[in-house]
file model-v3.txt (compact mmCIF, C-alpha atoms)
# COMPACT_ATOMS: atom_id res chain seq x y z
CA MET A 1 -7.97 -59.11 0.23
CA SER A 2 -10.62 -57.74 -2.11
CA LYS A 3 -11.76 -60.10 -4.88
CA LEU A 4 -11.68 -58.75 -8.43
CA THR A 5 -13.80 -60.33 -11.16
CA LEU A 6 -13.12 -59.59 -14.83
CA SER A 7 -16.36 -59.42 -16.84
CA MET A 8 -16.09 -59.46 -20.63
CA VAL A 9 -18.03 -59.94 -23.86
CA VAL A 10 -16.06 -61.31 -26.82
CA LYS A 11 -16.73 -62.38 -30.39
CA ASN A 12 -14.30 -63.62 -33.05
CA GLU A 13 -11.29 -62.21 -31.22
CA GLY A 14 -8.90 -64.99 -32.21
CA HIS A 15 -6.75 -62.81 -34.50
CA ARG A 16 -7.30 -59.49 -32.79
CA TYR A 17 -6.32 -58.32 -29.30
CA LEU A 18 -7.83 -60.82 -26.88
CA ARG A 19 -4.55 -62.57 -26.16
CA GLU A 20 -2.89 -59.31 -25.20
CA ALA A 21 -5.84 -58.26 -23.06
CA LEU A 22 -6.00 -61.52 -21.11
CA LEU A 23 -2.24 -61.72 -20.63
CA LYS A 24 -2.12 -58.13 -19.39
CA HIS A 25 -4.87 -58.65 -16.83
CA ARG A 26 -4.69 -62.27 -15.71
CA ASP A 27 -1.98 -61.75 -13.07
CA TRP A 28 -4.15 -59.48 -10.94
CA ILE A 29 -7.70 -60.74 -11.39
CA ASP A 30 -9.21 -63.41 -9.14
CA GLU A 31 -12.02 -64.65 -11.37
CA ALA A 32 -13.43 -64.13 -14.87
CA VAL A 33 -16.88 -64.24 -16.44
CA ILE A 34 -16.83 -64.19 -20.24
CA ILE A 35 -19.69 -64.25 -22.72
CA ASP A 36 -18.57 -65.58 -26.10
CA ASP A 37 -21.25 -64.00 -28.26
CA GLY A 38 -21.49 -66.38 -31.20
CA SER A 39 -17.84 -66.70 -32.20
CA THR A 40 -17.06 -68.85 -35.21
CA ASP A 41 -13.32 -69.00 -34.48
CA HIS A 42 -11.22 -70.21 -31.53
CA THR A 43 -12.04 -67.31 -29.19
CA SER A 44 -13.39 -69.58 -26.44
CA GLU A 45 -10.30 -71.78 -26.57
CA ILE A 46 -8.07 -68.72 -26.14
CA CYS A 47 -10.03 -67.74 -23.02
CA GLU A 48 -9.67 -71.22 -21.54
CA GLU A 49 -5.98 -71.41 -22.40
CA LEU A 50 -4.88 -68.01 -21.14
CA LEU A 51 -7.04 -68.03 -18.02
CA SER A 52 -6.01 -71.53 -16.98
CA GLY A 53 -5.72 -71.66 -13.19
CA ILE A 54 -8.20 -68.83 -12.67
CA PRO A 55 -11.89 -69.57 -11.92
CA LEU A 56 -13.62 -68.98 -15.26
CA GLN A 57 -17.31 -68.89 -16.12
CA LEU A 58 -17.39 -69.11 -19.92
CA ILE A 59 -20.78 -68.89 -21.60
CA ARG A 60 -21.08 -69.57 -25.32
CA ASN A 61 -23.99 -67.98 -27.12
CA PRO A 62 -24.81 -70.11 -30.18
CA GLU A 63 -25.84 -66.94 -32.03
CA SER A 64 -24.81 -63.34 -31.46
CA ARG A 65 -27.13 -61.17 -29.37
CA PHE A 66 -25.37 -57.88 -30.16
CA ALA A 67 -28.17 -56.65 -32.42
CA ASN A 68 -30.00 -56.01 -29.14
CA GLU A 69 -27.03 -54.99 -27.04
CA VAL A 70 -28.95 -54.32 -23.84
CA GLN A 71 -30.03 -57.96 -23.71
CA LEU A 72 -26.43 -59.07 -24.20
CA ARG A 73 -25.19 -56.71 -21.48
CA LYS A 74 -27.92 -57.91 -19.13
CA GLN A 75 -26.83 -61.48 -19.78
CA GLN A 76 -23.24 -60.51 -18.99
CA TRP A 77 -24.31 -58.73 -15.80
CA GLU A 78 -26.49 -61.57 -14.52
CA ALA A 79 -23.81 -64.17 -15.17
CA THR A 80 -21.26 -62.00 -13.36
CA VAL A 81 -23.31 -61.22 -10.25
CA GLN A 82 -24.22 -64.90 -9.87
CA THR A 83 -20.56 -65.53 -8.99
CA ASN A 84 -20.93 -63.34 -5.88
CA PRO A 85 -18.34 -60.75 -6.97
CA GLU A 86 -16.88 -58.05 -4.77
CA TRP A 87 -15.40 -55.78 -7.45
CA ILE A 88 -16.32 -56.05 -11.15
CA LEU A 89 -13.95 -54.88 -13.89
CA ASN A 90 -15.89 -54.63 -17.15
CA LEU A 91 -13.65 -54.62 -20.22
CA ASP A 92 -14.13 -55.70 -23.81
CA GLY A 93 -11.72 -58.09 -25.50
CA ASP A 94 -9.88 -55.24 -27.24
CA GLU A 95 -9.40 -53.01 -24.17
CA VAL A 96 -6.18 -53.01 -22.15
CA LEU A 97 -5.33 -51.15 -18.96
CA GLU A 98 -1.84 -49.72 -19.04
CA ASP A 99 0.89 -51.56 -17.16
CA GLN A 100 1.12 -49.22 -14.16
CA PHE A 101 -2.30 -50.32 -12.90
CA ALA A 102 -1.07 -53.84 -12.15
CA HIS A 103 1.09 -52.41 -9.35
CA GLN A 104 -1.70 -50.28 -7.93
CA VAL A 105 -4.86 -52.37 -8.08
CA GLY A 106 -4.36 -54.38 -4.87
CA ASP A 107 -3.91 -51.43 -2.53
CA LEU A 108 -6.53 -49.45 -4.42
CA LEU A 109 -9.33 -51.99 -3.95
CA ASN A 110 -8.39 -52.91 -0.39
CA ASN A 111 -8.50 -49.28 0.73
CA CYS A 112 -11.09 -47.73 -1.59
CA GLU A 113 -13.96 -45.94 0.15
CA GLN A 114 -15.79 -45.19 -3.11
CA ASP A 115 -17.96 -47.68 -4.97
CA ALA A 116 -16.79 -47.01 -8.53
CA ILE A 117 -13.48 -46.29 -10.21
CA TYR A 118 -13.43 -44.25 -13.39
CA PHE A 119 -10.81 -44.30 -16.15
CA ARG A 120 -10.18 -42.59 -19.48
CA LEU A 121 -10.48 -44.68 -22.63
CA TYR A 122 -8.31 -43.92 -25.66
CA ASP A 123 -9.58 -44.99 -29.08
CA MET A 124 -6.44 -46.28 -30.76
CA TRP A 125 -6.45 -45.68 -34.54
CA SER A 126 -3.24 -47.68 -34.96
CA GLU A 127 -0.98 -49.70 -32.68
CA THR A 128 0.82 -46.51 -31.63
CA SER A 129 -1.62 -43.59 -32.05
CA TYR A 130 -5.04 -42.59 -30.79
CA ARG A 131 -7.63 -40.42 -32.48
CA ASP A 132 -8.34 -36.97 -31.04
CA ASP A 133 -10.96 -34.72 -32.65
CA ALA A 134 -14.50 -33.48 -32.21
CA TYR A 135 -15.95 -36.93 -32.94
CA TRP A 136 -13.46 -39.02 -30.95
CA SER A 137 -12.77 -37.49 -27.56
CA ALA A 138 -13.66 -40.20 -25.01
CA HIS A 139 -10.17 -39.87 -23.51
CA HIS A 140 -11.03 -36.40 -22.23
CA TYR A 141 -13.61 -37.85 -19.85
CA TYR A 142 -13.60 -40.37 -17.03
CA ARG A 143 -16.11 -43.20 -17.19
CA PRO A 144 -16.86 -46.20 -14.93
CA PHE A 145 -15.13 -49.49 -15.72
CA LEU A 146 -14.65 -50.90 -12.21
CA ILE A 147 -17.40 -51.03 -9.57
CA ARG A 148 -18.09 -52.55 -6.19
CA TYR A 149 -21.06 -54.91 -6.40
CA LYS A 150 -23.83 -54.05 -3.96
CA PRO A 151 -26.38 -56.91 -3.92
CA ASP A 152 -29.30 -54.88 -2.59
CA TYR A 153 -28.90 -51.90 -4.90
CA PRO A 154 -31.60 -51.23 -7.57
CA TYR A 155 -29.88 -51.88 -10.89
CA ILE A 156 -31.78 -50.33 -13.82
CA TRP A 157 -30.63 -50.37 -17.42
CA LYS A 158 -30.80 -47.88 -20.25
CA GLU A 159 -33.21 -49.84 -22.43
CA THR A 160 -31.80 -49.18 -25.91
CA PRO A 161 -30.73 -51.84 -28.43
CA GLN A 162 -27.45 -50.01 -29.10
CA HIS A 163 -25.17 -47.87 -26.90
CA CYS A 164 -26.88 -48.99 -23.69
CA GLY A 165 -23.74 -48.87 -21.57
CA ARG A 166 -21.72 -51.73 -20.13
CA PHE A 167 -23.19 -51.37 -16.65
CA PRO A 168 -26.72 -50.67 -15.42
CA ALA A 169 -27.37 -46.92 -15.68
CA THR A 170 -28.01 -46.54 -11.97
CA ILE A 171 -24.37 -47.21 -11.07
CA ASN A 172 -23.80 -43.61 -12.16
CA HIS A 173 -25.11 -42.68 -8.72
CA PHE A 174 -22.28 -44.55 -6.98
CA SER A 175 -19.59 -42.58 -5.20
CA TYR A 176 -16.48 -42.69 -7.38
CA LEU A 177 -12.86 -41.74 -7.84
CA CYS A 178 -11.02 -40.93 -11.07
CA HIS A 179 -7.88 -42.98 -11.56
CA PRO A 180 -4.97 -41.83 -13.78
CA ALA A 181 -4.38 -45.26 -15.38
CA ARG A 182 -5.48 -45.19 -19.02
CA ILE A 183 -7.26 -47.79 -21.13
CA LYS A 184 -6.17 -48.50 -24.69
CA HIS A 185 -9.13 -49.43 -26.90
CA TYR A 186 -7.86 -51.23 -30.00
CA GLY A 187 -11.28 -51.74 -31.58
CA TRP A 188 -10.59 -49.10 -34.23
CA ALA A 189 -6.88 -49.74 -34.74
CA ARG A 190 -7.13 -51.65 -38.02
CA PRO A 191 -8.76 -50.37 -41.21
CA ALA A 192 -10.63 -53.65 -41.70
CA ASP A 193 -12.11 -53.40 -38.19
CA ARG A 194 -13.20 -49.81 -38.79
CA LYS A 195 -14.92 -50.81 -42.03
CA GLU A 196 -16.66 -53.75 -40.36
CA LYS A 197 -17.85 -51.59 -37.44
CA TYR A 198 -19.11 -48.87 -39.76
CA GLU A 199 -21.08 -51.40 -41.75
CA ARG A 200 -22.48 -52.90 -38.55
CA TYR A 201 -23.72 -49.53 -37.32
CA MET A 202 -25.28 -48.83 -40.70
CA ARG A 203 -27.08 -52.14 -40.44
CA LEU A 204 -28.16 -51.95 -36.79
CA ASP A 205 -28.72 -48.20 -36.42
CA PRO A 206 -29.09 -46.77 -39.97
CA ASN A 207 -30.92 -43.64 -38.81
CA ALA A 208 -28.54 -42.99 -35.91
CA GLN A 209 -31.44 -43.32 -33.52
CA TYR A 210 -29.17 -44.50 -30.72
CA GLY A 211 -25.86 -43.00 -31.78
CA TRP A 212 -24.37 -39.93 -33.44
CA LYS A 213 -24.60 -39.90 -37.26
CA GLU A 214 -21.65 -37.58 -37.78
CA GLN A 215 -19.51 -39.84 -35.63
CA TYR A 216 -20.62 -42.89 -37.58
CA ASP A 217 -19.70 -41.11 -40.83
CA SER A 218 -16.33 -40.06 -39.42
CA ILE A 219 -15.25 -43.67 -38.88
CA LEU A 220 -14.09 -43.85 -42.49
CA ASP A 221 -12.23 -40.50 -42.51
CA GLU A 222 -9.05 -40.96 -44.48
CA HIS A 223 -7.00 -38.35 -42.62
CA PRO A 224 -8.13 -38.12 -38.99
CA ASN A 225 -6.16 -36.26 -36.35
CA LEU A 226 -3.93 -38.79 -34.58
CA VAL A 227 -1.77 -38.36 -31.49
CA THR A 228 1.15 -40.63 -30.66
CA TRP A 229 0.61 -42.69 -27.51
CA GLU A 230 3.24 -42.00 -24.87
CA GLU A 231 3.84 -44.22 -21.86
call {"tool": "encode", "arguments": {"input": "model-v3.txt", "output": "structure tokens"}}
result
Amino acid sequence: MSKLTLSMVVKNEGHRYLREALLKHRDWIDEAVIIDDGSTDHTSEICEELLSGIPLQLIRNPESRFANEVQLRKQQWEATVQTNPEWILNLDGDEVLEDQFAHQVGDLLNNCEQDAIYFRLYDMWSETSYRDDAYWSAHHYYRPFLIRYKPDYPYIWKETPQHCGRFPATINHFSYLCHPARIKHYGWARPADRKEKYERYMRLDPNAQYGWKEQYDSILDEHPNLVTWEE
């Protein structure tokens, strides 16, 4: 059977979506590597509680490293590959694969000839609706979230302090398949979270050197185009 390792970065997720994410995924992962990036709440305890019985490598950063995201993602990657993974599923603490994938993942990984599996990510703007407009269209494209680890492959990162990607850039050369299971991203689902993220981008990337200024500005739109999520 193929081994699946969940790799995740979390911070102050105690009252957000981490519980749902771990409960949704724990039944079909074999191992987890989690970087707690400077939480000041009980995020680490939630990880330990909900992943009890599953091999867990939990690393607590005393201070957040997100201001230089590529260094944080490199830390996550190095900690994950040190566990000798076979397949790596890279999700954030507010990302949830839809239920159907739980029934498909075993056969998929055991029989997959490709080295990466791509999914569509939906930016949820509420618990029940996702945003769909010119600035928020990630769900129209497939992107890598699950890869086969190849120890001898040259892994090279996009060296930017923001928006560096969750995997080394060179995994984009892997053979891949596009899977129909969707990922709900709840990071934007609450007004308070949107405000906090907007302020963070203004602080870390005020000139939109690494991102898209119009998209940053659109975070606070009062009447965005929303589409109801349907199972």
call {"tool": "residues_around", "arguments": {"input": "model-v3.txt", "residues": "Arg148 of chain A", "least_positions_apart": "4", "cutoff": "8 Å", "atoms": "all atoms listed in the file", "output": "PyMOL selection string"}}
result
chain A and resi 86-88+115-116
call {"tool": "residues_near_point", "arguments": {"input": "model-v3.txt", "point": "(-10.9, -37.8, -26.1)", "cutoff": "12 Å", "atoms": "all atoms listed in the file", "output": "VMD selection string"}}
result
chain A and resid 119 to 124 130 to 143 182 to 185 225 to 227
call {"tool": "closest_residue", "arguments": {"input": "model-v3.txt", "among": "A:Thr80, A:Gln57, A:Ser52, A:Ser44", "to": "Ser7 of chain A", "atoms": "all atoms listed in the file"}}
result
A:Thr80
call {"tool": "closest_atom_pairs", "arguments": {"input": "model-v3.txt", "of": "segment 35-103 of chain A", "to": "segment 20-28 of chain A", "cutoff": "10 Å", "atoms": "all atoms listed in the file", "output": "tab-separated table"}}
result
residue	atom	partner	partner_atom	distance
A:Ile46	CA	A:Leu22	CA	9.0
A:Cys47	CA	A:Leu22	CA	7.7
A:Glu49	CA	A:Leu22	CA	10.0
A:Leu50	CA	A:Leu22	CA	6.6
A:Leu51	CA	A:Arg26	CA	6.6
A:Ser52	CA	A:Arg26	CA	9.4
A:Gly53	CA	A:Arg26	CA	9.8
A:Ile54	CA	A:Arg26	CA	8.0
A:Leu91	CA	A:Ala21	CA	9.1
A:Asp92	CA	A:Ala21	CA	8.7
A:Gly93	CA	A:Ala21	CA	6.4
A:Asp94	CA	A:Ala21	CA	6.6
A:Glu95	CA	A:Ala21	CA	6.4
A:Val96	CA	A:Ala21	CA	5.3
A:Leu97	CA	A:Lys24	CA	7.7
A:Glu98	CA	A:Lys24	CA	8.4
A:Asp99	CA	A:Lys24	CA	7.6
A:Phe101	CA	A:Trp28	CA	9.5
A:Ala102	CA	A:Trp28	CA	6.5
A:His103	CA	A:Trp28	CA	8.9
call {"tool": "residues_around", "arguments": {"input": "model-v3.txt", "residues": "Ser2 of chain A", "least_positions_apart": "3", "cutoff": "12 Å", "atoms": "all atoms listed in the file", "output": "ChimeraX atom specification"}}
result
/A:5,28-31,85-88,105-112,148-149
call {"tool": "closest_residue", "arguments": {"input": "model-v3.txt", "among": "A:His42, A:Asn61, A:Ile35, A:His15", "to": "Ala79 of chain A", "atoms": "all atoms listed in the file"}}
result
A:Ile35
call {"tool": "atom_distance", "arguments": {"input": "model-v3.txt", "atom1": "atom CA of Val10 of chain A", "atom2": "atom CA of Asp36 of chain A"}}
result
5.0 Å
call {"tool": "atom_distance", "arguments": {"input": "model-v3.txt", "atom1": "atom CA of Ile34 of chain A", "atom2": "atom CA of Arg166 of chain A"}}
result
13.4 Å
call {"tool": "axis_aligned_box", "arguments": {"input": "model-v3.txt", "around": "segment 99-105 of chain A", "padding_each_side": "3 Å", "output": "JSON"}}
result
{"center_x": -1.9, "center_y": -51.5, "center_z": -12.5, "size_x": 12.0, "size_y": 10.6, "size_z": 15.2}
call {"tool": "closest_residue", "arguments": {"input": "model-v3.txt", "among": "A:Lys11, A:His173, A:Lys197, A:Lys3", "to": "Ala32 of chain A", "atoms": "only C-alpha atoms"}}
result
A:Lys3
call {"tool": "closest_residue", "arguments": {"input": "model-v3.txt", "among": "A:Ile117, A:Ile147, A:Val81, A:Leu204", "to": "Arg65 of chain A", "atoms": "only C-alpha atoms"}}
result
A:Leu204
call {"tool": "atom_distance", "arguments": {"input": "model-v3.txt", "atom1": "atom CA of Trp188 of chain A", "atom2": "atom CA of Lys74 of chain A"}}
result
24.6 Å
call {"tool": "closest_residue", "arguments": {"input": "model-v3.txt", "among": "A:Thr43, A:Gln209, A:Asn90, A:Ser218", "to": "His163 of chain A", "atoms": "all atoms listed in the file"}}
result
A:Gln209
call {"tool": "residues_around", "arguments": {"input": "model-v3.txt", "residues": "Thr160 of chain A", "least_positions_apart": "2", "cutoff": "10 Å", "atoms": "all atoms listed in the file", "output": "list in words"}}
result
Asn68, Glu69, Val70, Gln71, Trp157, Lys158, Gln162, His163, Cys164, Gly165, Gln209 and Tyr210 of chain A
call {"tool": "closest_residue", "arguments": {"input": "model-v3.txt", "among": "A:Lys213, A:Arg190, A:Lys195, A:His223", "to": "Arg16 of chain A", "atoms": "all atoms listed in the file"}}
result
A:Arg190
call {"tool": "decode", "arguments": {"input": "model-v3.txt", "residues": "segment 70-117 of chain A", "atoms": "C-alpha atoms", "output": "PDB file, in the first residue's frame"}}
result
ATOM      1  CA  VAL A  70       9.790  30.743   1.064  1.00  0.00           C
ATOM      2  CA  GLN A  71      11.866  30.045   4.170  1.00  0.00           C
ATOM      3  CA  LEU A  72       8.789  28.721   5.949  1.00  0.00           C
ATOM      4  CA  ARG A  73       7.854  26.515   2.994  1.00  0.00           C
ATOM      5  CA  LYS A  74      11.419  25.219   2.772  1.00  0.00           C
ATOM      6  CA  GLN A  75      11.267  24.345   6.464  1.00  0.00           C
ATOM      7  CA  GLN A  76       8.006  22.494   5.869  1.00  0.00           C
ATOM      8  CA  TRP A  77       9.467  20.641   2.892  1.00  0.00           C
ATOM      9  CA  GLU A  78      12.673  19.601   4.655  1.00  0.00           C
ATOM     10  CA  ALA A  79      10.808  18.370   7.718  1.00  0.00           C
ATOM     11  CA  THR A  80       8.463  16.373   5.484  1.00  0.00           C
ATOM     12  CA  VAL A  81      11.075  14.702   3.289  1.00  0.00           C
ATOM     13  CA  GLN A  82      13.094  13.701   6.361  1.00  0.00           C
ATOM     14  CA  THR A  83      10.258  11.295   7.215  1.00  0.00           C
ATOM     15  CA  ASN A  84      10.950   9.341   3.994  1.00  0.00           C
ATOM     16  CA  PRO A  85       7.510   9.978   2.455  1.00  0.00           C
ATOM     17  CA  GLU A  86       6.119   8.235  -0.582  1.00  0.00           C
ATOM     18  CA  TRP A  87       3.265  10.610  -1.428  1.00  0.00           C
ATOM     19  CA  ILE A  88       2.979  14.131   0.037  1.00  0.00           C
ATOM     20  CA  LEU A  89      -0.376  15.899   0.365  1.00  0.00           C
ATOM     21  CA  ASN A  90       0.262  19.592   1.022  1.00  0.00           C
ATOM     22  CA  LEU A  91      -2.746  21.373   2.506  1.00  0.00           C
ATOM     23  CA  ASP A  92      -3.155  24.393   4.745  1.00  0.00           C
ATOM     24  CA  GLY A  93      -5.174  24.235   7.948  1.00  0.00           C
ATOM     25  CA  ASP A  94      -8.218  25.813   6.284  1.00  0.00           C
ATOM     26  CA  GLU A  95      -8.314  23.562   3.193  1.00  0.00           C
ATOM     27  CA  VAL A  96     -10.571  20.514   2.977  1.00  0.00           C
ATOM     28  CA  LEU A  97     -10.851  17.913   0.231  1.00  0.00           C
ATOM     29  CA  GLU A  98     -14.437  16.982  -0.471  1.00  0.00           C
ATOM     30  CA  ASP A  99     -15.766  13.728   0.957  1.00  0.00           C
ATOM     31  CA  GLN A 100     -15.690  11.675  -2.249  1.00  0.00           C
ATOM     32  CA  PHE A 101     -11.885  11.647  -2.267  1.00  0.00           C
ATOM     33  CA  ALA A 102     -11.730   9.505   0.881  1.00  0.00           C
ATOM     34  CA  HIS A 103     -13.197   6.601  -1.112  1.00  0.00           C
ATOM     35  CA  GLN A 104     -10.842   7.074  -4.045  1.00  0.00           C
ATOM     36  CA  VAL A 105      -7.437   7.892  -2.588  1.00  0.00           C
ATOM     37  CA  GLY A 106      -6.267   4.329  -1.855  1.00  0.00           C
ATOM     38  CA  ASP A 107      -6.781   2.932  -5.340  1.00  0.00           C
ATOM     39  CA  LEU A 108      -5.599   6.187  -6.882  1.00  0.00           C
ATOM     40  CA  LEU A 109      -2.189   6.192  -5.195  1.00  0.00           C
ATOM     41  CA  ASN A 110      -1.630   2.450  -5.514  1.00  0.00           C
ATOM     42  CA  ASN A 111      -2.218   2.529  -9.264  1.00  0.00           C
ATOM     43  CA  CYS A 112      -1.085   6.030 -10.250  1.00  0.00           C
ATOM     44  CA  GLU A 113       1.543   6.158 -13.006  1.00  0.00           C
ATOM     45  CA  GLN A 114       1.924   9.944 -12.782  1.00  0.00           C
ATOM     46  CA  ASP A 115       4.010  11.744 -10.172  1.00  0.00           C
ATOM     47  CA  ALA A 116       1.618  14.571  -9.286  1.00  0.00           C
ATOM     48  CA  ILE A 117      -2.116  14.905  -8.782  1.00  0.00           C
TER      49      ILE A 117
END
